[in-house]
Amino acid sequence: MNQAHKTAIPAQDRLIVALDLPQADAAKALVERIGDAAGFYKIGMELCMAPGFFELLEWLRGRGNKVFVDLKFFDIPETVARAVGALSERGAQFCTIHGNQAIMEAAARAKSNGLKVLAVTALTSLDRGDLDDLGFQCDVEVLVLSRARRALAAGCDGVVSSGLEVTKLRAEAPRELIVVTPGIRPVENRPADDQKRVVTVEQALRNGADYIVVGRPIRNAPDPYQAALQIQGTIEGLFL
């Protein structure tokens, strides 16, 4: 088993809480319930469709929180570049893109003000059968490694990858590559869960992830503060 990836990232920042909620007010309420147990939050497509998306981003920044904008920009390169350039003025730490080499290169050129661009490799909701449906005639691991190589060549700062592929990815990629791992589940995956390629907190970090994204296990917990605190305890134990 690999050692946890010991970069100069504060242990508490390694947990990114996904605010996958329908309204900005509900997201704010969850953040307030979590309190000081987390300081890094992901806001994505569902919240983008609700009023107050950018006001929520500014509210999080005003509280001293870090923000990961997960909108998986995918369009013609110039449009993606303009979107990334505009987001660079909003104070977010991370954003995601999805696309070919030209799209990734355009996003990397457009980023500024500390915004880091992460390329999506393969969604954690996809398995081998799903890739067949999409026309990818290769294993998931092969696809993830190929996407990561291309992202690095394009000038992206990192990738979003399932924890299942991180070990191989780390064996090939420079240590400065940022790896963010979603699909984190504290216990065995349930049949009704739409995330198929999942790992635990400890597995993801030992395999080499820099950050983990956790949504439902915190959001649906009776006490989100305690749920986040428990995950933070696991993280701190790995990086002492």
# chains A, B, ... in the order shown; residues from 1 in each chain; ligands from 1
$ residues_around --residues "Gly99 of chain A" --least-positions-apart "4" --cutoff "7 Å" --atoms "only C-alpha atoms" --output "PyMOL selection string"
chain A and resi 74+103-104
$ residues_around --residues "segment 48-59 of chain A" --least-positions-apart "3" --cutoff "6 Å" --atoms "only C-alpha atoms" --output "PyMOL selection string"
chain A and resi 23+45+62
$ write_last_selection --atoms "N, CA, C and O atoms" --output "compact mmCIF listing (two decimals), in the first residue's frame"
# COMPACT_ATOMS: atom_id res chain seq x y z
N GLN A 23 -30.79 24.45 -3.32
CA GLN A 23 -30.91 25.88 -3.05
C GLN A 23 -29.70 26.40 -2.28
O GLN A 23 -29.13 25.69 -1.44
N MET A 45 -23.26 21.82 -10.40
CA MET A 45 -24.28 22.09 -11.39
C MET A 45 -25.67 22.33 -10.79
O MET A 45 -26.40 23.20 -11.24
N GLY A 62 -16.16 34.90 1.91
CA GLY A 62 -16.21 35.87 3.00
C GLY A 62 -16.04 35.23 4.36
O GLY A 62 -15.59 35.88 5.32
$ closest_residue --among "A:Val117, A:Ala11, A:Val160, A:Ala92" --to "Val80 of chain A" --atoms "only C-alpha atoms"
A:Val117
$ atom_distance --atom1 "atom CA of Asp70 of chain A" --atom2 "atom CA of Cys95 of chain A"
5.5 Å
$ closest_residue --among "A:Tyr41, A:Phe68, A:Tyr225, A:Phe94" --to "Cys156 of chain A" --atoms "only C-alpha atoms"
A:Phe94
$ select_by_dssp --residues "segment 59-231 of chain A" --states "alpha helix (DSSP H)" --output "VMD selection string"
chain A and resid 59 to 62 77 to 87 101 to 110 128 to 134 140 to 154 163 to 172 201 to 207 216 to 219 224 to 231
$ write_last_selection --atoms "C-alpha atoms" --output "mmCIF file, in the first residue's frame"
data_model
loop_
_atom_site.group_PDB
_atom_site.id
_atom_site.type_symbol
_atom_site.label_atom_id
_atom_site.label_comp_id
_atom_site.auth_asym_id
_atom_site.auth_seq_id
_atom_site.Cartn_x
_atom_site.Cartn_y
_atom_site.Cartn_z
ATOM 1 C CA TRP A 59 -20.428 34.130 1.023
ATOM 2 C CA LEU A 60 -18.141 31.124 1.374
ATOM 3 C CA ARG A 61 -15.091 33.208 0.513
ATOM 4 C CA GLY A 62 -16.209 35.869 3.000
ATOM 5 C CA PRO A 77 -12.082 26.043 -26.608
ATOM 6 C CA GLU A 78 -12.667 29.802 -26.810
ATOM 7 C CA THR A 79 -15.897 29.564 -24.818
ATOM 8 C CA VAL A 80 -14.241 27.430 -22.146
ATOM 9 C CA ALA A 81 -11.321 29.864 -21.987
ATOM 10 C CA ARG A 82 -13.687 32.789 -21.429
ATOM 11 C CA ALA A 83 -15.561 30.902 -18.713
ATOM 12 C CA VAL A 84 -12.348 29.984 -16.894
ATOM 13 C CA GLY A 85 -11.051 33.538 -17.267
ATOM 14 C CA ALA A 86 -14.250 34.955 -15.760
ATOM 15 C CA LEU A 87 -14.220 32.439 -12.910
ATOM 16 C CA GLN A 101 -6.648 18.610 -25.786
ATOM 17 C CA ALA A 102 -7.613 21.958 -27.299
ATOM 18 C CA ILE A 103 -10.218 22.551 -24.578
ATOM 19 C CA MET A 104 -7.758 21.684 -21.804
ATOM 20 C CA GLU A 105 -5.044 23.890 -23.308
ATOM 21 C CA ALA A 106 -7.433 26.827 -23.656
ATOM 22 C CA ALA A 107 -8.538 26.493 -20.022
ATOM 23 C CA ALA A 108 -4.951 26.272 -18.785
ATOM 24 C CA ARG A 109 -3.996 29.437 -20.684
ATOM 25 C CA ALA A 110 -6.992 31.368 -19.362
ATOM 26 C CA ARG A 128 -16.809 -0.726 -17.836
ATOM 27 C CA GLY A 129 -20.293 -1.223 -19.296
ATOM 28 C CA ASP A 130 -20.939 2.531 -19.341
ATOM 29 C CA LEU A 131 -17.679 3.174 -21.196
ATOM 30 C CA ASP A 132 -18.690 0.575 -23.786
ATOM 31 C CA ASP A 133 -21.958 2.466 -24.263
ATOM 32 C CA LEU A 134 -20.002 5.684 -24.767
ATOM 33 C CA VAL A 140 -11.249 2.474 -17.159
ATOM 34 C CA GLU A 141 -7.694 2.550 -15.801
ATOM 35 C CA VAL A 142 -6.211 2.974 -19.286
ATOM 36 C CA LEU A 143 -8.614 5.823 -20.031
ATOM 37 C CA VAL A 144 -7.842 7.600 -16.731
ATOM 38 C CA LEU A 145 -4.076 7.392 -17.260
ATOM 39 C CA SER A 146 -4.399 8.640 -20.826
ATOM 40 C CA ARG A 147 -6.569 11.566 -19.744
ATOM 41 C CA ALA A 148 -4.133 12.459 -16.947
ATOM 42 C CA ARG A 149 -1.151 12.465 -19.312
ATOM 43 C CA ARG A 150 -2.987 14.712 -21.737
ATOM 44 C CA ALA A 151 -4.085 17.070 -18.958
ATOM 45 C CA LEU A 152 -0.508 17.495 -17.791
ATOM 46 C CA ALA A 153 0.704 18.103 -21.330
ATOM 47 C CA ALA A 154 -2.027 20.731 -21.757
ATOM 48 C CA GLY A 163 -9.318 6.427 -5.840
ATOM 49 C CA LEU A 164 -9.203 3.084 -7.637
ATOM 50 C CA GLU A 165 -6.908 4.510 -10.320
ATOM 51 C CA VAL A 166 -4.810 6.848 -8.185
ATOM 52 C CA THR A 167 -2.051 4.334 -7.385
ATOM 53 C CA LYS A 168 -1.179 3.805 -11.051
ATOM 54 C CA LEU A 169 -1.623 7.494 -11.752
ATOM 55 C CA ARG A 170 0.804 8.449 -8.992
ATOM 56 C CA ALA A 171 3.373 5.969 -10.306
ATOM 57 C CA GLU A 172 3.499 7.876 -13.593
ATOM 58 C CA VAL A 201 -11.241 7.922 2.970
ATOM 59 C CA GLU A 202 -8.160 5.960 3.986
ATOM 60 C CA GLN A 203 -7.918 4.055 0.700
ATOM 61 C CA ALA A 204 -8.082 7.246 -1.381
ATOM 62 C CA LEU A 205 -5.404 9.056 0.586
ATOM 63 C CA ARG A 206 -3.092 6.073 0.941
ATOM 64 C CA ASN A 207 -3.364 5.503 -2.793
ATOM 65 C CA ARG A 216 -23.869 12.367 1.090
ATOM 66 C CA PRO A 217 -22.028 10.738 4.034
ATOM 67 C CA ILE A 218 -21.793 14.212 5.612
ATOM 68 C CA ARG A 219 -24.934 15.856 4.236
ATOM 69 C CA PRO A 224 -22.945 16.716 9.811
ATOM 70 C CA TYR A 225 -20.446 18.370 12.155
ATOM 71 C CA GLN A 226 -19.564 15.071 13.810
ATOM 72 C CA ALA A 227 -19.488 13.257 10.457
ATOM 73 C CA ALA A 228 -17.019 15.791 9.053
ATOM 74 C CA LEU A 229 -15.004 15.740 12.268
ATOM 75 C CA GLN A 230 -14.691 11.960 12.121
ATOM 76 C CA ILE A 231 -13.362 12.136 8.566
#
$ residues_around --residues "Thr181 of chain A" --least-positions-apart "2" --cutoff "12 Å" --atoms "only C-alpha atoms" --output "MDAnalysis selection string"
chainID A and resid 14:18 118:124 158:167 178:179 183:185 197:215
$ select_by_dssp --residues "segment 18-214 of chain A" --states "strand (DSSP E)" --output "VMD selection string"
chain A and resid 18 40 to 44 66 to 73 94 to 97 116 to 120 158 to 160 178 to 181 211 to 214
$ residues_around --residues "Ser88 of chain A" --least-positions-apart "6" --cutoff "6 Å" --atoms "only C-alpha atoms" --output "list in words"
Lys111, Ser112, Asn113 and Leu115 of chain A
$ atom_distance --atom1 "atom CA of Gln12 of chain A" --atom2 "atom CA of Glu236 of chain A"
7.6 Å
$ closest_residue --among "A:Gly237, A:Arg33, A:Asp223, A:Asp13" --to "Gln93 of chain A" --atoms "only C-alpha atoms"
A:Asp13
